[in-house]
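Chemist: The following file, structure-v3.txt, comprises compact mmCIF, C-alpha atoms:
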# COMPACT_ATOMS: atom_id res chain seq x y z
CA LEU A 14 111.58 47.29 27.12
CA ILE A 15 112.68 50.75 28.28
CA GLY A 16 111.97 52.20 24.85
CA PHE A 17 108.63 50.41 24.58
CA LEU A 18 107.40 51.66 27.96
CA SER A 19 108.61 55.18 27.16
CA GLN A 20 106.76 55.04 23.84
CA TYR A 21 103.49 53.51 24.97
CA LEU A 22 103.18 54.42 28.65
CA PHE A 23 104.82 57.79 29.21
CA LEU A 24 103.96 59.57 25.96
CA PRO A 25 100.20 58.77 25.80
CA VAL A 26 99.70 59.68 29.46
CA PHE A 27 101.87 62.78 29.09
CA SER A 28 99.88 63.87 26.02
CA TYR A 29 96.65 63.48 27.99
CA LEU A 30 98.04 65.50 30.90
CA LEU A 31 99.04 68.30 28.52
CA CYS A 32 95.46 68.40 27.26
CA ILE A 33 94.20 68.70 30.84
CA VAL A 34 96.75 71.35 31.85
CA PHE A 35 96.05 73.49 28.76
CA ASP A 36 92.30 72.82 28.98
CA LEU A 37 91.90 71.84 25.32
CA LYS A 38 88.51 71.13 23.82
CA SER A 39 87.80 67.49 23.11
CA THR A 40 88.29 67.55 19.32
CA THR A 41 91.74 69.18 19.62
CA ALA A 42 92.64 66.84 22.49
CA ILE A 43 91.85 63.82 20.29
CA GLY A 44 94.54 64.96 17.85
CA VAL A 45 97.08 65.43 20.65
CA ILE A 46 96.37 62.03 22.19
CA LEU A 47 96.42 60.29 18.79
CA VAL A 48 99.90 61.67 18.13
CA GLY A 49 100.98 60.66 21.64
CA CYS A 50 99.87 57.04 21.25
CA SER A 51 101.12 56.60 17.67
CA PRO A 52 104.04 54.22 17.01
CA GLY A 53 107.57 55.46 16.45
CA GLY A 54 108.15 57.31 13.20
CA THR A 55 110.26 55.68 10.51
CA THR A 56 112.35 58.85 10.22
CA SER A 57 113.71 58.05 13.67
CA ASN A 58 115.81 55.37 11.96
CA ILE A 59 117.70 57.83 9.78
CA PHE A 60 117.89 60.27 12.69
CA SER A 61 119.53 57.52 14.77
CA TYR A 62 122.03 56.97 11.96
CA TRP A 63 122.87 60.68 11.79
CA SER A 64 123.13 60.83 15.59
CA LYS A 65 125.50 57.83 15.72
CA GLY A 66 122.89 55.72 17.47
CA ASP A 67 122.06 52.02 17.21
CA VAL A 68 120.23 51.80 13.87
CA ALA A 69 119.36 48.11 14.30
CA LEU A 70 117.75 48.88 17.67
CA SER A 71 115.91 51.84 16.16
CA ILE A 72 114.43 49.77 13.31
CA THR A 73 113.47 46.96 15.69
CA MET A 74 111.72 49.38 18.04
CA SER A 75 109.87 51.07 15.16
CA PHE A 76 108.63 47.73 13.85
CA LEU A 77 107.56 46.41 17.25
CA SER A 78 105.79 49.66 18.17
CA THR A 79 103.89 49.53 14.85
CA VAL A 80 102.78 45.94 15.54
CA ALA A 81 101.79 46.88 19.10
CA ALA A 82 99.78 49.83 17.78
CA PHE A 83 97.02 47.40 16.69
CA ALA A 84 96.19 46.86 20.35
CA LEU A 85 97.58 49.91 22.11
CA MET A 86 96.25 52.72 19.89
CA PRO A 87 92.61 51.57 20.29
CA PHE A 88 93.29 50.91 24.00
CA TRP A 89 94.59 54.41 24.68
CA ILE A 90 91.90 56.03 22.54
CA PHE A 91 89.26 54.23 24.56
CA VAL A 92 90.91 54.94 27.92
CA LEU A 93 92.06 58.53 27.37
CA VAL A 94 89.65 59.91 24.76
CA LYS A 95 86.38 58.07 25.33
CA THR A 96 86.68 57.50 29.09
CA ALA A 97 89.07 59.96 30.77
CA TYR A 98 88.32 62.91 28.45
CA ASP A 99 84.67 61.84 28.18
CA SER A 100 84.52 62.62 24.46
CA ASP A 101 81.39 61.65 22.56
CA VAL A 102 83.06 61.77 19.13
CA ASP A 103 82.35 58.66 17.07
CA ILE A 104 85.49 56.74 16.12
CA ALA A 105 85.50 54.26 13.22
CA TRP A 106 87.57 51.50 14.80
CA SER A 107 87.68 49.43 11.60
CA ASN A 108 89.23 52.35 9.72
CA LEU A 109 91.80 52.70 12.49
CA ILE A 110 92.87 49.09 11.88
CA VAL A 111 93.00 49.75 8.13
CA GLY A 112 95.36 52.68 8.74
CA LEU A 113 97.68 50.47 10.78
CA LEU A 114 97.60 47.74 8.13
CA LEU A 115 98.68 50.30 5.54
CA ILE A 116 101.88 50.65 7.56
CA LEU A 117 102.43 47.07 8.73
CA ILE A 118 101.88 45.12 5.49
CA PRO A 119 104.46 47.08 3.45
CA THR A 120 106.85 46.86 6.39
CA CYS A 121 106.60 43.05 6.42
CA GLY A 122 107.03 43.03 2.65
CA GLY A 123 110.16 45.12 2.95
CA LEU A 124 111.59 42.86 5.67
CA TYR A 125 110.93 39.77 3.56
CA THR A 126 112.50 41.32 0.46
CA ARG A 127 115.56 42.49 2.38
CA TYR A 128 116.01 39.04 3.92
CA THR A 129 115.60 36.99 0.72
CA ASN A 130 117.11 39.24 -1.95
CA THR A 131 120.80 38.45 -1.48
CA GLU A 132 121.89 37.61 -5.05
CA TYR A 133 119.61 38.97 -7.78
CA LYS A 134 120.47 42.50 -8.95
CA ILE A 135 119.18 44.99 -11.50
CA ASN A 136 121.83 47.37 -12.85
CA ASP A 137 124.25 46.39 -10.06
CA LYS A 138 121.66 47.07 -7.36
CA PHE A 139 119.66 44.63 -5.27
CA ILE A 140 115.89 44.85 -5.54
CA TRP A 141 115.67 46.00 -1.93
CA GLU A 142 118.07 48.86 -2.74
CA TRP A 143 115.77 50.06 -5.53
CA ILE A 144 112.79 49.79 -3.20
CA GLU A 145 114.67 51.63 -0.47
CA THR A 146 115.55 54.51 -2.79
CA GLY A 147 112.10 54.73 -4.31
CA THR A 148 110.18 54.63 -1.04
CA THR A 149 112.53 57.14 0.58
CA TYR A 150 111.84 59.74 -2.08
CA ALA A 151 108.14 58.83 -2.15
CA GLY A 152 107.94 59.22 1.63
CA ILE A 153 109.60 62.64 1.57
CA PHE A 154 107.32 63.73 -1.28
CA PHE A 155 104.20 62.51 0.56
CA LEU A 156 105.22 64.21 3.79
CA LEU A 157 105.88 67.56 2.12
CA ALA A 158 102.79 67.29 -0.09
CA ALA A 159 100.57 66.48 2.90
CA LEU A 160 101.85 69.44 4.92
CA ILE A 161 101.77 71.93 2.03
CA SER A 162 98.29 70.89 0.87
CA SER A 163 97.04 71.03 4.46
CA LEU A 164 98.42 74.55 4.88
CA VAL A 165 96.64 75.59 1.69
CA ILE A 166 93.35 73.88 2.57
CA TYR A 167 93.29 74.72 6.27
CA GLY A 168 95.22 78.00 6.24
CA ALA A 169 92.33 79.91 7.79
CA LYS A 170 92.01 77.31 10.53
CA PHE A 171 95.71 77.66 11.38
CA ALA A 172 95.27 81.42 11.71
CA GLU A 173 92.41 80.87 14.17
CA MET A 174 94.14 78.08 16.11
CA ASP A 175 94.60 78.59 19.84
CA TYR A 176 98.16 79.41 20.94
CA LYS A 177 97.97 76.52 23.41
CA THR A 178 97.86 74.06 20.51
CA TRP A 179 101.05 75.58 19.10
CA VAL A 180 102.76 75.39 22.49
CA ILE A 181 101.99 71.67 22.80
CA GLY A 182 103.12 71.18 19.19
CA ILE A 183 106.46 72.76 20.05
CA ILE A 184 107.18 70.94 23.32
CA LEU A 185 105.78 67.40 22.85
CA GLN A 186 108.61 66.00 20.71
CA PRO A 187 111.54 67.52 22.68
CA LEU A 188 110.04 66.47 26.02
CA GLY A 189 109.41 62.95 24.71
CA CYS A 190 113.03 62.74 23.55
CA ALA A 191 114.25 64.09 26.89
CA PHE A 192 112.26 61.50 28.82
CA GLY A 193 113.58 58.64 26.68
CA TYR A 194 117.14 59.90 27.07
CA PHE A 195 117.14 60.34 30.84
CA VAL A 196 115.16 57.21 31.73
CA SER A 197 117.56 55.08 29.67
CA LYS A 198 120.46 56.93 31.31
CA PHE A 199 118.95 56.17 34.73
CA PHE A 200 118.90 52.44 33.91
CA GLY A 201 122.55 52.50 32.83
CA MET A 202 122.12 52.14 29.08
CA SER A 203 125.05 53.02 26.82
CA LEU A 204 125.30 56.49 25.32
CA ILE A 205 124.47 55.05 21.90
CA ASP A 206 121.30 53.42 23.22
CA GLN A 207 120.35 56.56 25.15
CA ARG A 208 120.26 58.57 21.93
CA THR A 209 118.40 55.81 20.07
CA ILE A 210 115.70 55.31 22.71
CA SER A 211 115.34 59.08 23.02
CA LEU A 212 114.61 59.48 19.31
CA GLU A 213 112.23 56.50 19.25
CA THR A 214 110.29 57.95 22.17
CA GLY A 215 110.00 61.49 20.82
CA VAL A 216 109.65 61.01 17.06
CA GLN A 217 106.07 59.92 16.38
CA ASN A 218 104.62 58.53 13.16
CA PHE A 219 102.32 61.52 12.69
CA THR A 220 101.77 60.62 9.01
CA LEU A 221 100.02 57.48 10.29
CA THR A 222 98.01 59.72 12.60
CA LEU A 223 96.97 61.86 9.62
CA ALA A 224 95.90 58.74 7.71
CA VAL A 225 93.92 57.38 10.65
CA ILE A 226 92.18 60.72 11.21
CA ASN A 227 91.25 61.07 7.53
CA LEU A 228 89.84 57.54 7.54
CA THR A 229 88.01 57.96 10.83
CA PHE A 230 86.44 61.43 10.99
CA LYS A 231 84.36 63.61 8.66
CA GLY A 232 83.27 67.21 8.23
CA ASP A 233 84.02 69.88 10.83
CA VAL A 234 85.21 67.27 13.33
CA LEU A 235 87.84 66.10 10.84
CA GLU A 236 89.21 69.62 10.44
CA GLU A 237 89.40 70.22 14.19
CA VAL A 238 91.04 66.88 14.98
CA LEU A 239 93.58 67.41 12.18
CA MET A 240 94.84 70.72 13.54
CA TYR A 241 97.22 69.40 16.18
CA PRO A 242 98.86 66.64 14.09
CA LEU A 243 99.48 69.22 11.35
CA CYS A 244 100.88 71.64 13.91
CA TYR A 245 103.11 68.84 15.25
CA GLY A 246 104.22 68.10 11.68
CA ILE A 247 105.21 71.71 11.03
CA MET A 248 107.26 71.90 14.22
CA TYR A 249 108.64 68.39 13.61
CA PHE A 250 111.15 69.63 11.03
CA ALA A 251 112.68 72.27 13.29
CA ASN A 252 112.58 70.07 16.41
CA SER A 253 114.15 67.08 14.64
CA ALA A 254 116.95 69.18 13.14
CA LEU A 255 117.85 70.67 16.53
CA ILE A 256 117.71 67.32 18.36
CA VAL A 257 119.82 65.52 15.73
CA PHE A 258 122.34 68.36 15.73
CA LEU A 259 122.56 68.20 19.55
CA TYR A 260 123.02 64.41 19.62
CA ARG A 261 125.54 64.50 16.80
CA TYR A 262 127.52 67.08 18.77
CA LEU A 263 127.31 65.01 21.96
CA ALA A 264 128.42 61.91 20.05
CA GLU A 265 131.52 63.72 18.82
CA LEU A 266 132.12 65.16 22.28
CA ASP A 267 131.75 61.83 24.07
CA ASP A 268 133.76 60.02 21.39
CA ASP A 269 131.73 56.87 22.10
CA ASP A 270 131.97 55.39 18.59
CA ASP A 271 134.07 52.59 20.06
CA GLU A 272 131.46 51.60 22.64
CA VAL A 273 130.24 48.04 22.72
CA ASP A 274 127.38 47.41 25.16
CA GLY A 275 128.33 50.54 27.06
CA ASP A 276 132.01 49.67 27.48
CA LYS A 277 134.88 51.48 25.89
CA ILE A 278 137.26 49.51 23.72
CA GLU A 279 140.76 50.19 24.95
CA LYS A 280 143.11 51.39 22.25
CA PRO A 281 146.82 50.54 22.39
CA THR A 282 148.98 53.37 23.63
CA ASP A 283 152.46 51.97 22.95
CA VAL A 284 153.11 51.06 19.33
CA GLU A 285 156.38 49.42 18.39
CA ALA A 286 158.41 51.05 15.66
CA VAL A 287 157.81 49.64 12.20
CA PRO A 288 160.85 49.13 9.95
CA THR A 289 160.95 51.79 7.28
CA SER A 290 163.97 50.62 5.26
CA GLU A 291 166.16 47.56 4.65
CA ASP A 292 168.74 48.89 7.15
CA ASP A 293 166.12 48.63 9.91
CA LEU A 294 165.30 44.99 9.22
CA PRO A 295 166.69 42.29 11.56
CA LEU A 296 169.76 40.46 10.19
CA THR A 297 168.39 36.96 10.87
CA ASN A 298 166.79 34.71 8.27
CA ILE A 299 167.69 36.99 5.36
CA GLU A 300 168.07 35.24 2.01
CA PRO A 301 171.16 36.17 -0.01
Could you rewrite the structure in this file as structure tokens?

Modeler:
Amino acid sequence: LIGFLSQYLFLPVFSYLLCIVFDLKSTTAIGVILVGCSPGGTTSNIFSYWSKGDVALSITMSFLSTVAAFALMPFWIFVLVKTAYDSDVDIAWSNLIVGLLLILIPTCGGLYTRYTNTEYKINDKFIWEWIETGTTYAGIFFLLAALISSLVIYGAKFAEMDYKTWVIGIILQPLGCAFGYFVSKFFGMSLIDQRTISLETGVQNFTLTLAVINLTFKGDVLEEVLMYPLCYGIMYFANSALIVFLYRYLAELDDDDDEVDGDKIEKPTDVEAVPTSEDDLPLTNIEP
């Protein structure tokens, strides 16, 4: 619940407030708000693993936020873009739903395969392991290809982009992570859950945002709306590396690997001596 509210209450509203504070034009603001109300990124799962977080919680939150996006992305777009920001840009709502289905249907297929494929293997690997490997590499390839091709296609636009867009691109992810971390800390969550909720709050599925924008807008409006998500994507690599490095360091420092539901597992301090030779063995019950 804490992670869900951080993801879908704080971040969309915070994204909107950044647009107001920096006085962004409506087309750029649409990109910022779309990133802010997107579901959690799937890379947050591997980041949670590297940060010694709760991977099961991370995956659950990513899935639930993607399902909730069917209602909450259109809701926040209507409330923040069409109403609060008073934008007159036409939004193809049906294409927005298509973009979400492109994420949700394969996710359900993966869950079903992982749940049912417990015996059949190909070359000593389960089917879900082959799918996992293939989609991981495909996802990395798509992400890099999308960013590189966008830089090539929209290079001139990046050169003309307002510095305020870059500033928001730099600070949105770290501030989202910070909010998730401290609000979960305030409610007494374990250190493991604090890191997990932090990453789920700050790491957005901006590839979904890119897909939705490409399906929804056309022409000059498309280029302008795309600028912020692409800027966010460029800064995402540096921001994610720094945040994961910080959380990995804190995990080692806190030594909370033995936490269960926030409580430390006590380790024995006095260990009895173990016999190391026959002379040390007790003389009772010894067969001739």

Chemist: Hey, which of A:Gly201, A:Gly232, A:Gly66, A:Pro187 ends up closest to Ala254 of chain A? Count all atoms listed in the file.

Modeler: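 Under the stated criterion, the closest residue is A:Pro187.
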
Chemist: From the options A:Ser71, A:Thr96, A:Thr214, A:Asn252, which residue's atoms come nearest to Phe192 of chain A, counting all atoms listed in the file?

Modeler: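 When distances to Phe192 of chain A are compared using all atoms listed in the file, the smallest one comes from A:Thr214.
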
Chemist: Under the rule that all atoms listed in the file are counted, which of A:Leu85, A:Val80, A:Ile72, A:Val94 is the nearest residue to Ser28 of chain A?

Modeler: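 The closest residue to Ser28 of chain A is A:Val94.
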
Chemist: Any idea what the distance is between atom CA of Leu70 of chain A and atom CA of Thr209 of chain A?

Modeler: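 Result for atom CA of Leu70 of chain A versus atom CA of Thr209 of chain A: 7.4 Å, one decimal.
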
Chemist: In Å, how far is it from atom CA of Tyr133 of chain A to atom CA of Thr148 of chain A?

Modeler: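 Separation of atom CA of Tyr133 of chain A and atom CA of Thr148 of chain A: 19.5 Å.
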
Chemist: Can you tell me which residues surround segment 119-123 of chain A at a distance of at most 9 Å, considering all atoms listed in the file, apart from same-chain residues fewer than 2 positions away, and format the answer as a short mmCIF file (atom, residue, chain, number, x, y, z; two decimals) with C-alpha atoms, keeping the file's coordinate frame?

Modeler:
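Contents of part_18.cif, freshly written:
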data_model
loop_
_atom_site.label_atom_id
_atom_site.label_comp_id
_atom_site.auth_asym_id
_atom_site.auth_seq_id
_atom_site.Cartn_x
_atom_site.Cartn_y
_atom_site.Cartn_z
CA PHE A 76 108.63 47.73 13.85
CA LEU A 114 97.60 47.74 8.13
CA LEU A 115 98.68 50.30 5.54
CA ILE A 116 101.88 50.65 7.56
CA LEU A 117 102.43 47.07 8.73
CA TYR A 125 110.93 39.77 3.56
CA THR A 126 112.50 41.32 0.46
CA ARG A 127 115.56 42.49 2.38
CA TYR A 128 116.01 39.04 3.92
CA TRP A 141 115.67 46.00 -1.93
CA ILE A 144 112.79 49.79 -3.20
CA GLU A 145 114.67 51.63 -0.47
#

Chemist: Identify, on the basis of all atoms listed in the file, every residue whose closest approach to Ser100 of chain A does not exceed 10 Å; exclude the query and any residue fewer than 5 positions from it along the same chain; express the result as a list of chain:residue names.

Modeler: A:Lys38, A:Ser39, A:Thr40, A:Ala42, A:Ile43, A:Phe91, A:Leu93, A:Val94, A:Lys95

Chemist: Output the selection as a compact mmCIF listing (two decimals), in the frame of the given file - C-alpha atoms for each residue.

Modeler:
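Contents of result_5.txt, as written:
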# COMPACT_ATOMS: atom_id res chain seq x y z
CA LYS A 38 88.51 71.13 23.82
CA SER A 39 87.80 67.49 23.11
CA THR A 40 88.29 67.55 19.32
CA ALA A 42 92.64 66.84 22.49
CA ILE A 43 91.85 63.82 20.29
CA PHE A 91 89.26 54.23 24.56
CA LEU A 93 92.06 58.53 27.37
CA VAL A 94 89.65 59.91 24.76
CA LYS A 95 86.38 58.07 25.33

Chemist: Could you state the separation of atom CA of Thr220 of chain A and atom CA of Leu30 of chain A in Å, given to one decimal place?

Modeler: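 Atom-to-atom, atom CA of Thr220 of chain A and atom CA of Leu30 of chain A are spaced 22.7 Å apart.
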
Chemist: Counting only C-alpha atoms, figure out which residue out of A:Ala224, A:Leu113, A:Ala251, A:Leu37 gets nearest to Phe155 of chain A.

Modeler: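 Of A:Ala224, A:Leu113, A:Ala251, A:Leu37, the one nearest Phe155 of chain A, counting only C-alpha atoms, is A:Ala224.
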
Chemist: Which residue is closest to Leu243 of chain A? Choose from A:Ile90, A:Leu124, A:Leu255, A:Ile181 and count all atoms listed in the file.

Modeler: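 Of A:Ile90, A:Leu124, A:Leu255, A:Ile181, the one nearest Leu243 of chain A is A:Ile181, counting all atoms listed in the file.
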
Chemist: Measuring atom to atom with only C-alpha atoms, identify which of A:Val257, A:Ile104, A:Ala191, A:Leu24 is nearest to Val234 of chain A.

Modeler: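 The shortest atom-to-atom distance to Val234 of chain A comes from A:Ile104.
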